[in-house]
Structures are given as structure tokens and as C-alpha cells.
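Structure file start28.txt (compact mmCIF, N, CA and C atoms) is printed below.
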# COMPACT_ATOMS: atom_id res chain seq x y z
N LEU M 1 -5.53 12.10 30.77
CA LEU M 1 -5.13 11.68 32.11
C LEU M 1 -5.88 12.44 33.21
N ILE M 2 -6.33 13.64 32.88
CA ILE M 2 -7.06 14.43 33.88
C ILE M 2 -8.36 13.71 34.25
N LEU M 3 -9.05 13.19 33.25
CA LEU M 3 -10.30 12.46 33.54
C LEU M 3 -10.01 11.25 34.42
N LYS M 4 -8.94 10.55 34.12
CA LYS M 4 -8.55 9.40 34.94
C LYS M 4 -8.28 9.84 36.37
N GLY M 5 -7.59 10.97 36.52
CA GLY M 5 -7.23 11.48 37.83
C GLY M 5 -8.42 11.88 38.69
N ILE M 6 -9.54 12.21 38.06
CA ILE M 6 -10.73 12.57 38.85
C ILE M 6 -11.68 11.39 39.02
N GLY M 7 -11.22 10.20 38.58
CA GLY M 7 -11.99 8.99 38.84
C GLY M 7 -12.92 8.54 37.72
N VAL M 8 -12.78 9.10 36.53
CA VAL M 8 -13.62 8.68 35.40
C VAL M 8 -13.16 7.30 34.95
N LYS M 9 -14.10 6.37 34.83
CA LYS M 9 -13.78 5.01 34.40
C LYS M 9 -13.36 5.01 32.93
N LEU M 10 -12.57 4.01 32.56
CA LEU M 10 -12.06 3.89 31.20
C LEU M 10 -13.19 3.97 30.17
N GLU M 11 -14.24 3.20 30.37
CA GLU M 11 -15.34 3.16 29.40
C GLU M 11 -15.96 4.54 29.23
N ASP M 12 -16.12 5.26 30.33
CA ASP M 12 -16.71 6.60 30.26
C ASP M 12 -15.75 7.59 29.59
N ALA M 13 -14.45 7.44 29.85
CA ALA M 13 -13.47 8.31 29.20
C ALA M 13 -13.45 8.06 27.70
N LEU M 14 -13.52 6.79 27.30
CA LEU M 14 -13.57 6.46 25.87
C LEU M 14 -14.80 7.09 25.21
N GLU M 15 -15.94 6.99 25.86
CA GLU M 15 -17.16 7.56 25.29
C GLU M 15 -17.08 9.08 25.22
N PHE M 16 -16.58 9.70 26.28
CA PHE M 16 -16.45 11.15 26.29
C PHE M 16 -15.55 11.62 25.15
N TRP M 17 -14.35 11.04 25.07
CA TRP M 17 -13.40 11.48 24.04
C TRP M 17 -13.87 11.13 22.64
N ARG M 18 -14.53 9.99 22.48
CA ARG M 18 -15.08 9.64 21.17
C ARG M 18 -16.09 10.70 20.73
N ARG M 19 -16.99 11.06 21.62
CA ARG M 19 -18.00 12.07 21.31
C ARG M 19 -17.35 13.40 20.93
N GLU M 20 -16.33 13.82 21.69
CA GLU M 20 -15.66 15.10 21.42
C GLU M 20 -14.88 15.06 20.10
N ILE M 21 -14.14 13.98 19.87
CA ILE M 21 -13.32 13.88 18.67
C ILE M 21 -14.19 13.75 17.42
N VAL M 22 -15.23 12.92 17.49
CA VAL M 22 -16.11 12.74 16.33
C VAL M 22 -16.80 14.06 15.98
N GLN M 23 -17.16 14.82 17.00
CA GLN M 23 -17.80 16.11 16.75
C GLN M 23 -16.89 17.04 15.95
N LYS M 24 -15.59 16.98 16.22
CA LYS M 24 -14.66 17.88 15.55
C LYS M 24 -14.06 17.29 14.27
N TYR M 25 -13.73 15.98 14.29
CA TYR M 25 -13.00 15.37 13.18
C TYR M 25 -13.76 14.27 12.45
N GLY M 26 -14.94 13.92 12.91
CA GLY M 26 -15.72 12.86 12.29
C GLY M 26 -15.28 11.48 12.75
N GLU M 27 -16.08 10.50 12.39
CA GLU M 27 -15.82 9.11 12.79
C GLU M 27 -14.48 8.61 12.27
N ASP M 28 -14.12 8.99 11.04
CA ASP M 28 -12.82 8.59 10.48
C ASP M 28 -11.67 9.15 11.31
N GLY M 29 -11.80 10.38 11.77
CA GLY M 29 -10.77 10.98 12.61
C GLY M 29 -10.55 10.19 13.88
N TRP M 30 -11.62 9.73 14.48
CA TRP M 30 -11.53 8.92 15.71
C TRP M 30 -10.79 7.61 15.43
N ARG M 31 -11.16 6.94 14.37
CA ARG M 31 -10.58 5.63 14.07
C ARG M 31 -9.14 5.73 13.57
N LYS M 32 -8.88 6.64 12.66
CA LYS M 32 -7.57 6.71 12.02
C LYS M 32 -6.46 7.21 12.94
N LYS M 33 -6.77 8.04 13.88
CA LYS M 33 -5.74 8.62 14.74
C LYS M 33 -5.39 7.75 15.94
N GLY M 34 -6.12 6.68 16.16
CA GLY M 34 -5.80 5.77 17.26
C GLY M 34 -6.11 6.33 18.64
N TYR M 35 -7.09 7.19 18.73
CA TYR M 35 -7.42 7.78 20.02
C TYR M 35 -7.80 6.73 21.07
N ALA M 36 -8.58 5.74 20.68
CA ALA M 36 -9.01 4.72 21.64
C ALA M 36 -7.80 3.99 22.23
N TYR M 37 -6.86 3.63 21.38
CA TYR M 37 -5.65 2.95 21.86
C TYR M 37 -4.91 3.84 22.85
N ASN M 38 -4.73 5.11 22.52
CA ASN M 38 -3.99 6.02 23.40
C ASN M 38 -4.67 6.17 24.75
N ILE M 39 -5.98 6.27 24.76
CA ILE M 39 -6.71 6.40 26.02
C ILE M 39 -6.54 5.12 26.84
N LYS M 40 -6.70 3.98 26.21
CA LYS M 40 -6.51 2.70 26.91
C LYS M 40 -5.08 2.58 27.43
N HIS M 41 -4.12 3.04 26.65
CA HIS M 41 -2.72 3.01 27.07
C HIS M 41 -2.52 3.85 28.34
N ASN M 42 -3.12 5.04 28.36
CA ASN M 42 -3.00 5.91 29.54
C ASN M 42 -3.61 5.27 30.79
N TYR M 43 -4.60 4.45 30.61
CA TYR M 43 -5.25 3.76 31.72
C TYR M 43 -4.53 2.45 32.08
N GLY M 44 -3.45 2.14 31.36
CA GLY M 44 -2.68 0.94 31.66
C GLY M 44 -3.28 -0.32 31.07
N MET M 45 -4.11 -0.21 30.06
CA MET M 45 -4.78 -1.36 29.47
C MET M 45 -4.18 -1.77 28.12
N GLU M 46 -3.24 -1.01 27.60
CA GLU M 46 -2.58 -1.33 26.33
C GLU M 46 -1.08 -1.04 26.48
N GLY M 47 -0.31 -1.47 25.47
CA GLY M 47 1.12 -1.20 25.48
C GLY M 47 1.83 -1.89 26.62
N LYS M 48 2.68 -1.17 27.33
CA LYS M 48 3.43 -1.79 28.43
C LYS M 48 2.60 -1.92 29.70
N ARG M 49 1.34 -1.51 29.63
CA ARG M 49 0.37 -1.66 30.72
C ARG M 49 0.78 -0.92 31.99
N ALA M 50 1.45 0.20 31.80
CA ALA M 50 1.78 1.07 32.93
C ALA M 50 0.59 2.00 33.16
N SER M 51 0.26 2.21 34.40
CA SER M 51 -0.84 3.11 34.74
C SER M 51 -0.25 4.50 34.98
N TYR M 52 -0.51 5.41 34.07
CA TYR M 52 0.07 6.75 34.14
C TYR M 52 -0.74 7.66 35.06
N THR M 53 -0.05 8.61 35.64
CA THR M 53 -0.73 9.59 36.49
C THR M 53 -0.86 10.91 35.73
N PRO M 54 -1.85 11.71 36.09
CA PRO M 54 -2.04 13.00 35.41
C PRO M 54 -0.84 13.92 35.62
N HIS M 55 -0.63 14.78 34.64
CA HIS M 55 0.49 15.71 34.67
C HIS M 55 0.20 16.92 35.55
N SER M 56 1.26 17.49 36.11
CA SER M 56 1.15 18.73 36.88
C SER M 56 0.95 19.90 35.93
N CYS M 57 0.55 21.03 36.49
CA CYS M 57 0.40 22.24 35.67
C CYS M 57 1.70 22.60 34.97
N GLN M 58 2.80 22.57 35.69
CA GLN M 58 4.07 22.97 35.10
C GLN M 58 4.43 22.10 33.91
N LYS M 59 4.20 20.81 34.02
CA LYS M 59 4.50 19.91 32.90
C LYS M 59 3.60 20.23 31.71
N ILE M 60 2.32 20.48 31.97
CA ILE M 60 1.38 20.80 30.89
C ILE M 60 1.75 22.13 30.24
N ILE M 61 2.13 23.11 31.04
CA ILE M 61 2.54 24.41 30.51
C ILE M 61 3.73 24.25 29.57
N ASN M 62 4.63 23.33 29.87
CA ASN M 62 5.84 23.14 29.07
C ASN M 62 5.64 22.26 27.84
N PHE M 63 4.44 21.69 27.64
CA PHE M 63 4.17 20.88 26.45
C PHE M 63 4.28 21.74 25.20
N ASP M 64 4.72 21.12 24.11
CA ASP M 64 4.66 21.75 22.79
C ASP M 64 3.27 21.46 22.24
N VAL M 65 2.46 22.50 22.11
CA VAL M 65 1.08 22.35 21.67
C VAL M 65 0.83 23.33 20.53
N LEU M 66 0.20 22.84 19.48
CA LEU M 66 -0.18 23.70 18.37
C LEU M 66 -1.48 24.43 18.71
N PRO M 67 -1.67 25.64 18.19
CA PRO M 67 -2.92 26.37 18.48
C PRO M 67 -4.19 25.60 18.12
N SER M 68 -4.10 24.70 17.14
CA SER M 68 -5.27 23.93 16.74
C SER M 68 -5.50 22.70 17.62
N ASP M 69 -4.54 22.37 18.50
CA ASP M 69 -4.69 21.21 19.38
C ASP M 69 -5.72 21.47 20.46
N ASP M 70 -6.25 20.38 21.00
CA ASP M 70 -7.30 20.48 22.01
C ASP M 70 -6.82 20.13 23.41
N HIS M 71 -5.55 20.30 23.66
CA HIS M 71 -5.03 20.00 25.00
C HIS M 71 -4.02 21.07 25.39
N GLY M 72 -3.48 20.93 26.58
CA GLY M 72 -2.53 21.92 27.07
C GLY M 72 -3.16 22.83 28.10
N CYS M 73 -2.40 23.76 28.59
CA CYS M 73 -2.87 24.75 29.55
C CYS M 73 -3.59 25.86 28.78
N PRO M 74 -4.86 26.13 29.09
CA PRO M 74 -5.56 27.17 28.33
C PRO M 74 -4.88 28.53 28.43
N PHE M 75 -4.29 28.83 29.57
CA PHE M 75 -3.66 30.14 29.75
C PHE M 75 -2.34 30.24 29.00
N ARG M 76 -1.72 29.13 28.69
CA ARG M 76 -0.46 29.10 27.95
C ARG M 76 -0.67 28.86 26.46
N HIS M 77 -1.63 28.00 26.12
CA HIS M 77 -1.72 27.51 24.75
C HIS M 77 -2.89 28.04 23.93
N ARG M 78 -3.84 28.70 24.54
CA ARG M 78 -4.97 29.23 23.77
C ARG M 78 -4.70 30.64 23.29
N GLU M 79 -5.35 30.98 22.21
CA GLU M 79 -5.31 32.36 21.71
C GLU M 79 -6.09 33.25 22.68
N ASN M 80 -5.72 34.52 22.73
CA ASN M 80 -6.41 35.46 23.64
C ASN M 80 -7.91 35.51 23.38
N SER M 81 -8.31 35.49 22.13
CA SER M 81 -9.74 35.55 21.81
C SER M 81 -10.48 34.34 22.36
N SER M 82 -9.84 33.18 22.34
CA SER M 82 -10.44 31.97 22.88
C SER M 82 -10.57 32.07 24.41
N LEU M 83 -9.56 32.62 25.05
CA LEU M 83 -9.64 32.84 26.50
C LEU M 83 -10.77 33.80 26.85
N MET M 84 -10.87 34.87 26.09
CA MET M 84 -11.93 35.85 26.35
C MET M 84 -13.31 35.21 26.19
N GLN M 85 -13.46 34.35 25.21
CA GLN M 85 -14.72 33.64 25.02
C GLN M 85 -14.99 32.72 26.21
N GLN M 86 -13.94 32.04 26.68
CA GLN M 86 -14.08 31.16 27.85
C GLN M 86 -14.53 31.98 29.06
N PHE M 87 -13.93 33.14 29.28
CA PHE M 87 -14.31 33.99 30.41
C PHE M 87 -15.79 34.37 30.30
N HIS M 88 -16.19 34.77 29.12
CA HIS M 88 -17.58 35.19 28.90
C HIS M 88 -18.54 34.03 29.18
N GLU M 89 -18.22 32.84 28.63
CA GLU M 89 -19.08 31.67 28.82
C GLU M 89 -19.15 31.24 30.28
N ALA M 90 -18.09 31.50 31.03
CA ALA M 90 -18.07 31.15 32.46
C ALA M 90 -18.76 32.20 33.32
N GLY M 91 -19.17 33.31 32.70
CA GLY M 91 -19.86 34.36 33.45
C GLY M 91 -18.93 35.37 34.09
N LEU M 92 -17.67 35.39 33.69
CA LEU M 92 -16.71 36.35 34.24
C LEU M 92 -16.85 37.66 33.49
N ARG M 93 -17.51 38.63 34.13
CA ARG M 93 -17.82 39.90 33.47
C ARG M 93 -17.06 41.09 34.08
N ASP M 94 -16.34 40.84 35.15
CA ASP M 94 -15.59 41.90 35.82
C ASP M 94 -14.38 42.28 34.94
N SER M 95 -14.47 43.43 34.28
CA SER M 95 -13.43 43.81 33.32
C SER M 95 -12.08 44.00 33.99
N ASP M 96 -12.05 44.48 35.24
CA ASP M 96 -10.77 44.63 35.93
C ASP M 96 -10.12 43.27 36.15
N MET M 97 -10.92 42.27 36.54
CA MET M 97 -10.39 40.92 36.77
C MET M 97 -9.93 40.31 35.44
N VAL M 98 -10.71 40.48 34.40
CA VAL M 98 -10.32 39.96 33.08
C VAL M 98 -9.00 40.59 32.65
N ASN M 99 -8.87 41.90 32.80
CA ASN M 99 -7.63 42.59 32.44
C ASN M 99 -6.45 42.10 33.27
N GLU M 100 -6.68 41.87 34.55
CA GLU M 100 -5.61 41.37 35.42
C GLU M 100 -5.16 39.98 34.97
N ILE M 101 -6.11 39.11 34.67
CA ILE M 101 -5.78 37.76 34.22
C ILE M 101 -5.02 37.82 32.90
N MET M 102 -5.50 38.63 31.97
CA MET M 102 -4.84 38.72 30.67
C MET M 102 -3.43 39.32 30.79
N GLN M 103 -3.24 40.24 31.73
CA GLN M 103 -1.90 40.78 31.96
C GLN M 103 -0.96 39.69 32.47
N LEU M 104 -1.45 38.86 33.37
CA LEU M 104 -0.65 37.74 33.86
C LEU M 104 -0.29 36.78 32.72
N VAL M 105 -1.23 36.55 31.82
CA VAL M 105 -0.96 35.69 30.66
C VAL M 105 0.14 36.33 29.80
N ARG M 106 0.01 37.64 29.53
CA ARG M 106 1.02 38.31 28.70
C ARG M 106 2.41 38.24 29.35
N GLU M 107 2.44 38.27 30.69
CA GLU M 107 3.71 38.19 31.42
C GLU M 107 4.17 36.75 31.64
N ARG M 108 3.42 35.80 31.09
CA ARG M 108 3.73 34.37 31.17
C ARG M 108 3.66 33.80 32.58
N HIS M 109 2.79 34.37 33.39
CA HIS M 109 2.51 33.84 34.72
C HIS M 109 1.22 33.02 34.65
N TYR M 110 1.32 31.89 33.96
CA TYR M 110 0.14 31.12 33.62
C TYR M 110 -0.57 30.52 34.84
N GLN M 111 0.19 30.01 35.79
CA GLN M 111 -0.43 29.42 36.97
C GLN M 111 -1.11 30.50 37.82
N GLU M 112 -0.51 31.66 37.90
CA GLU M 112 -1.14 32.75 38.65
C GLU M 112 -2.40 33.23 37.94
N ALA M 113 -2.38 33.26 36.61
CA ALA M 113 -3.58 33.62 35.85
C ALA M 113 -4.69 32.61 36.11
N CYS M 114 -4.33 31.35 36.15
CA CYS M 114 -5.30 30.29 36.44
C CYS M 114 -5.88 30.45 37.84
N LYS M 115 -5.02 30.76 38.79
CA LYS M 115 -5.48 30.95 40.16
C LYS M 115 -6.44 32.14 40.26
N ARG M 116 -6.12 33.23 39.60
CA ARG M 116 -7.00 34.41 39.61
C ARG M 116 -8.35 34.08 38.97
N TYR M 117 -8.31 33.31 37.89
CA TYR M 117 -9.53 32.87 37.23
C TYR M 117 -10.36 32.01 38.19
N PHE M 118 -9.71 31.08 38.86
CA PHE M 118 -10.39 30.24 39.85
C PHE M 118 -11.02 31.12 40.93
N ASP M 119 -10.24 32.05 41.47
CA ASP M 119 -10.74 32.93 42.53
C ASP M 119 -11.95 33.73 42.06
N ALA M 120 -11.93 34.18 40.81
CA ALA M 120 -13.05 34.96 40.28
C ALA M 120 -14.31 34.11 40.17
N LEU M 121 -14.15 32.85 39.83
CA LEU M 121 -15.30 31.96 39.69
C LEU M 121 -15.76 31.35 41.00
N HIS M 122 -14.87 31.33 41.99
CA HIS M 122 -15.17 30.72 43.30
C HIS M 122 -14.76 31.67 44.42
N PRO M 123 -15.43 32.81 44.53
CA PRO M 123 -14.99 33.84 45.49
C PRO M 123 -15.03 33.39 46.96
N ASP M 124 -15.81 32.39 47.28
CA ASP M 124 -15.91 31.94 48.67
C ASP M 124 -15.01 30.75 48.99
N ALA M 125 -14.24 30.30 48.02
CA ALA M 125 -13.36 29.15 48.23
C ALA M 125 -12.18 29.54 49.12
N PRO M 126 -11.71 28.60 49.94
CA PRO M 126 -10.52 28.90 50.74
C PRO M 126 -9.28 29.07 49.87
N GLU M 127 -8.29 29.75 50.39
CA GLU M 127 -7.03 29.98 49.67
C GLU M 127 -6.31 28.64 49.44
N TYR M 128 -5.78 28.46 48.26
CA TYR M 128 -4.99 27.27 47.97
C TYR M 128 -3.99 27.59 46.87
N ILE M 129 -2.99 26.74 46.73
CA ILE M 129 -1.97 26.93 45.71
C ILE M 129 -2.33 26.05 44.52
N GLN M 130 -2.46 26.66 43.36
CA GLN M 130 -2.85 25.97 42.14
C GLN M 130 -1.61 25.37 41.49
N ASN M 131 -1.53 24.04 41.46
CA ASN M 131 -0.38 23.42 40.79
C ASN M 131 -0.72 22.13 40.06
N HIS M 132 -2.02 21.81 40.00
CA HIS M 132 -2.42 20.57 39.34
C HIS M 132 -3.86 20.68 38.85
N PRO M 133 -4.12 20.28 37.61
CA PRO M 133 -5.49 20.37 37.09
C PRO M 133 -6.50 19.59 37.92
N ASN M 134 -6.09 18.44 38.47
CA ASN M 134 -7.02 17.68 39.28
C ASN M 134 -7.34 18.38 40.60
N LYS M 135 -6.38 19.11 41.13
CA LYS M 135 -6.62 19.92 42.33
C LYS M 135 -7.61 21.03 42.00
N TYR M 136 -7.46 21.64 40.83
CA TYR M 136 -8.40 22.68 40.38
C TYR M 136 -9.82 22.10 40.34
N PHE M 137 -9.95 20.92 39.77
CA PHE M 137 -11.26 20.26 39.68
C PHE M 137 -11.83 20.00 41.07
N GLU M 138 -11.01 19.40 41.94
CA GLU M 138 -11.47 19.07 43.29
C GLU M 138 -11.93 20.32 44.04
N GLU M 139 -11.15 21.37 43.96
CA GLU M 139 -11.50 22.61 44.65
C GLU M 139 -12.75 23.26 44.04
N SER M 140 -12.93 23.10 42.73
CA SER M 140 -14.12 23.64 42.06
C SER M 140 -15.39 22.94 42.52
N MET M 141 -15.26 21.66 42.85
CA MET M 141 -16.41 20.87 43.25
C MET M 141 -16.71 20.98 44.75
N ALA M 142 -15.79 21.55 45.51
CA ALA M 142 -15.97 21.64 46.98
C ALA M 142 -17.03 22.65 47.36

Turn the structure described in the file into C-alpha cells.
Amino acid sequence: LILKGIGVKLEDALEFWRREIVQKYGEDGWRKKGYAYNIKHNYGMEGKRASYTPHSCQKIINFDVLPSDDHGCPFRHRENSSLMQQFHEAGLRDSDMVNEIMQLVRERHYQEACKRYFDALHPDAPEYIQNHPNKYFEESMA
């Protein structure tokens, strides 16, 4: 739903997710799990044809997600080692900032950890309240 919320067309979302899923689970994984149907359903093209809106951060944080799943809030649902790798790949090398973010994660202040991460990657961005993944995307692109 996040891709839909930032304006990605259905066909492009299908191609993106197909590429990602096939890379991890193979072509059989894509077909057998019904990913295409679920994506079309989210866009209002299958099932009851309701057009769903992307979830807020709080709703995503409260999802039941397995560590092996590929969705959810990274600050809530990823292992610490995976977060540290994400920080490194994003170029976040300030150890004090990394420690501060990880402390917020340990204290279960996931949205504040996300905001600090955003601030570290976008030091010149204006102040804003982080409460939606699509808002994070929009502010990142500004």
C-alpha cells in the first residue's frame, strides 16, 4: 500500500513486487502465494474492489510480523543486526546517533527512532512529525 500511496501505478507495483519476491522465493513462490492477487486487491481491482489506503506508522508498528517477513516497521520488526546494516548502507556513520537510535528502539520508541534516523539522513530538512511512511517518503524527496 505504501507504493500505491506514493503514486506507483498498479502495473509498476506488480512488476516491482514480482521482481523482489522472485529474487527471494523464486517464480513458484510468486505464483503459489497469490501475491499478484493481493496487490491487485489492495489497488481495488480484485475482491470487493475497495481501494485501500496506506497504513499509518502506528498501525504498522502494531502488526504481527515474523522476523523472516519482508514488511512491517523496520525499527519494530527487524533484528538489531539488520538495522545496523541498514544504517551502514545508508551512510550513517555517526556512532553517537546510531547509539541514540538503537536506545530508542530498545525503549520501544519506534517512531522517535525513525524520526532520528530521518534527521540523520536529512540534516537540512525542516522539522516535522513522523507518523506515516508516505510522509517519510515525501519529506525524503523534498

Centre, edges in Å (one decimal): axis-aligned box, stretch 27-37 of chain M, 8 Å padding on all six sides, as JSON:
{"center_x": -10.5, "center_y": 7.0, "center_z": 16.7, "size_x": 27.2, "size_y": 24.0, "size_z": 28.4}

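Put simply, atom CA of M:Pro123 is 20.0 Å away from atom C of M:Gln103.
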
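For M:His55, the set of protein, DNA and RNA residues having any atom at most 8 Å away, when counting all atoms listed in the file and skipping those fewer than 4 positions along the same chain, is Leu1, Ile2, Lys59, Ile60, Ile61, Asn131, His132, Pro133 and Asn134 of chain M.
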
### Task
Considering all atoms listed in the file, state which residue in the set M:Ala13, M:Ile21, M:Ile129, M:Met102 is at the smallest distance from M:Lys115.
M:Ile129

#### Entry: Long-range neighbours of M:Cys114 as a list of chain:residue names, 8 Å cut-off, all atoms listed in the file, 2 positions minimum in chain
M:Phe75, M:Ile101, M:Leu104, M:Val105, M:His109, M:Tyr110, M:Gln111, M:Glu112, M:Arg116, M:Tyr117, M:Phe118, M:Asp119, M:Ala120, M:Gln130

### Query
Could you work out how far atom CA of M:Ala125 lies from atom CA of M:Pro74, giving the answer in Å with one decimal?
21.5 Å

### Task
May I ask for the distance between atom C of M:Glu107 and atom C of M:Cys57, given in Å to one decimal place?
14.7 Å

### Task
Might you pull out every residue within 12 Å of stretch 29-34 of chain M, with only C-alpha atoms counted and same-chain residues fewer than 2 positions away left off, and present them as a ChimeraX atom specification?
/M:14-27,36-41,46

Residues from last step as file, N, CA and C atoms, as a PDB file, in the frame of the given file:
ATOM      1  N   LEU M  14     -13.520   6.790  27.300  1.00  0.00           N
ATOM      2  CA  LEU M  14     -13.570   6.460  25.870  1.00  0.00           C
ATOM      3  C   LEU M  14     -14.800   7.090  25.210  1.00  0.00           C
ATOM      4  N   GLU M  15     -15.940   6.990  25.860  1.00  0.00           N
ATOM      5  CA  GLU M  15     -17.160   7.560  25.290  1.00  0.00           C
ATOM      6  C   GLU M  15     -17.080   9.080  25.220  1.00  0.00           C
ATOM      7  N   PHE M  16     -16.580   9.700  26.280  1.00  0.00           N
ATOM      8  CA  PHE M  16     -16.450  11.150  26.290  1.00  0.00           C
ATOM      9  C   PHE M  16     -15.550  11.620  25.150  1.00  0.00           C
ATOM     10  N   TRP M  17     -14.350  11.040  25.070  1.00  0.00           N
ATOM     11  CA  TRP M  17     -13.400  11.480  24.040  1.00  0.00           C
ATOM     12  C   TRP M  17     -13.870  11.130  22.640  1.00  0.00           C
ATOM     13  N   ARG M  18     -14.530   9.990  22.480  1.00  0.00           N
ATOM     14  CA  ARG M  18     -15.080   9.640  21.170  1.00  0.00           C
ATOM     15  C   ARG M  18     -16.090  10.700  20.730  1.00  0.00           C
ATOM     16  N   ARG M  19     -16.990  11.060  21.620  1.00  0.00           N
ATOM     17  CA  ARG M  19     -18.000  12.070  21.310  1.00  0.00           C
ATOM     18  C   ARG M  19     -17.350  13.400  20.930  1.00  0.00           C
ATOM     19  N   GLU M  20     -16.330  13.820  21.690  1.00  0.00           N
ATOM     20  CA  GLU M  20     -15.660  15.100  21.420  1.00  0.00           C
ATOM     21  C   GLU M  20     -14.880  15.060  20.100  1.00  0.00           C
ATOM     22  N   ILE M  21     -14.140  13.980  19.870  1.00  0.00           N
ATOM     23  CA  ILE M  21     -13.320  13.880  18.670  1.00  0.00           C
ATOM     24  C   ILE M  21     -14.190  13.750  17.420  1.00  0.00           C
ATOM     25  N   VAL M  22     -15.230  12.920  17.490  1.00  0.00           N
ATOM     26  CA  VAL M  22     -16.110  12.740  16.330  1.00  0.00           C
ATOM     27  C   VAL M  22     -16.800  14.060  15.980  1.00  0.00           C
ATOM     28  N   GLN M  23     -17.160  14.820  17.000  1.00  0.00           N
ATOM     29  CA  GLN M  23     -17.800  16.110  16.750  1.00  0.00           C
ATOM     30  C   GLN M  23     -16.890  17.040  15.950  1.00  0.00           C
ATOM     31  N   LYS M  24     -15.590  16.980  16.220  1.00  0.00           N
ATOM     32  CA  LYS M  24     -14.660  17.880  15.550  1.00  0.00           C
ATOM     33  C   LYS M  24     -14.060  17.290  14.270  1.00  0.00           C
ATOM     34  N   TYR M  25     -13.730  15.980  14.290  1.00  0.00           N
ATOM     35  CA  TYR M  25     -13.000  15.370  13.180  1.00  0.00           C
ATOM     36  C   TYR M  25     -13.760  14.270  12.450  1.00  0.00           C
ATOM     37  N   GLY M  26     -14.940  13.920  12.910  1.00  0.00           N
ATOM     38  CA  GLY M  26     -15.720  12.860  12.290  1.00  0.00           C
ATOM     39  C   GLY M  26     -15.280  11.480  12.750  1.00  0.00           C
ATOM     40  N   GLU M  27     -16.080  10.500  12.390  1.00  0.00           N
ATOM     41  CA  GLU M  27     -15.820   9.110  12.790  1.00  0.00           C
ATOM     42  C   GLU M  27     -14.480   8.610  12.270  1.00  0.00           C
ATOM     43  N   ALA M  36      -8.580   5.740  20.680  1.00  0.00           N
ATOM     44  CA  ALA M  36      -9.010   4.720  21.640  1.00  0.00           C
ATOM     45  C   ALA M  36      -7.800   3.990  22.230  1.00  0.00           C
ATOM     46  N   TYR M  37      -6.860   3.630  21.380  1.00  0.00           N
ATOM     47  CA  TYR M  37      -5.650   2.950  21.860  1.00  0.00           C
ATOM     48  C   TYR M  37      -4.910   3.840  22.850  1.00  0.00           C
ATOM     49  N   ASN M  38      -4.730   5.110  22.520  1.00  0.00           N
ATOM     50  CA  ASN M  38      -3.990   6.020  23.400  1.00  0.00           C
ATOM     51  C   ASN M  38      -4.670   6.170  24.750  1.00  0.00           C
ATOM     52  N   ILE M  39      -5.980   6.270  24.760  1.00  0.00           N
ATOM     53  CA  ILE M  39      -6.710   6.400  26.020  1.00  0.00           C
ATOM     54  C   ILE M  39      -6.540   5.120  26.840  1.00  0.00           C
ATOM     55  N   LYS M  40      -6.700   3.980  26.210  1.00  0.00           N
ATOM     56  CA  LYS M  40      -6.510   2.700  26.910  1.00  0.00           C
ATOM     57  C   LYS M  40      -5.080   2.580  27.430  1.00  0.00           C
ATOM     58  N   HIS M  41      -4.120   3.040  26.650  1.00  0.00           N
ATOM     59  CA  HIS M  41      -2.720   3.010  27.070  1.00  0.00           C
ATOM     60  C   HIS M  41      -2.520   3.850  28.340  1.00  0.00           C
ATOM     61  N   GLU M  46      -3.240  -1.010  27.600  1.00  0.00           N
ATOM     62  CA  GLU M  46      -2.580  -1.330  26.330  1.00  0.00           C
ATOM     63  C   GLU M  46      -1.080  -1.040  26.480  1.00  0.00           C
TER      64      GLU M  46
END

### Message
Considering only helix (DSSP H, G or I) as DSSP defines it on the backbone, what residues of stretch 3-119 of chain M qualify? List them as a ChimeraX atom specification.
### Response
/M:3-5,10-32,35-42,57-61,74-77,80-89,95-106,110-119

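Nearest to M:Glu139 of all the residues M:Pro126, M:Val98, M:Ala113, M:Arg78 is M:Pro126, counting all atoms listed in the file.
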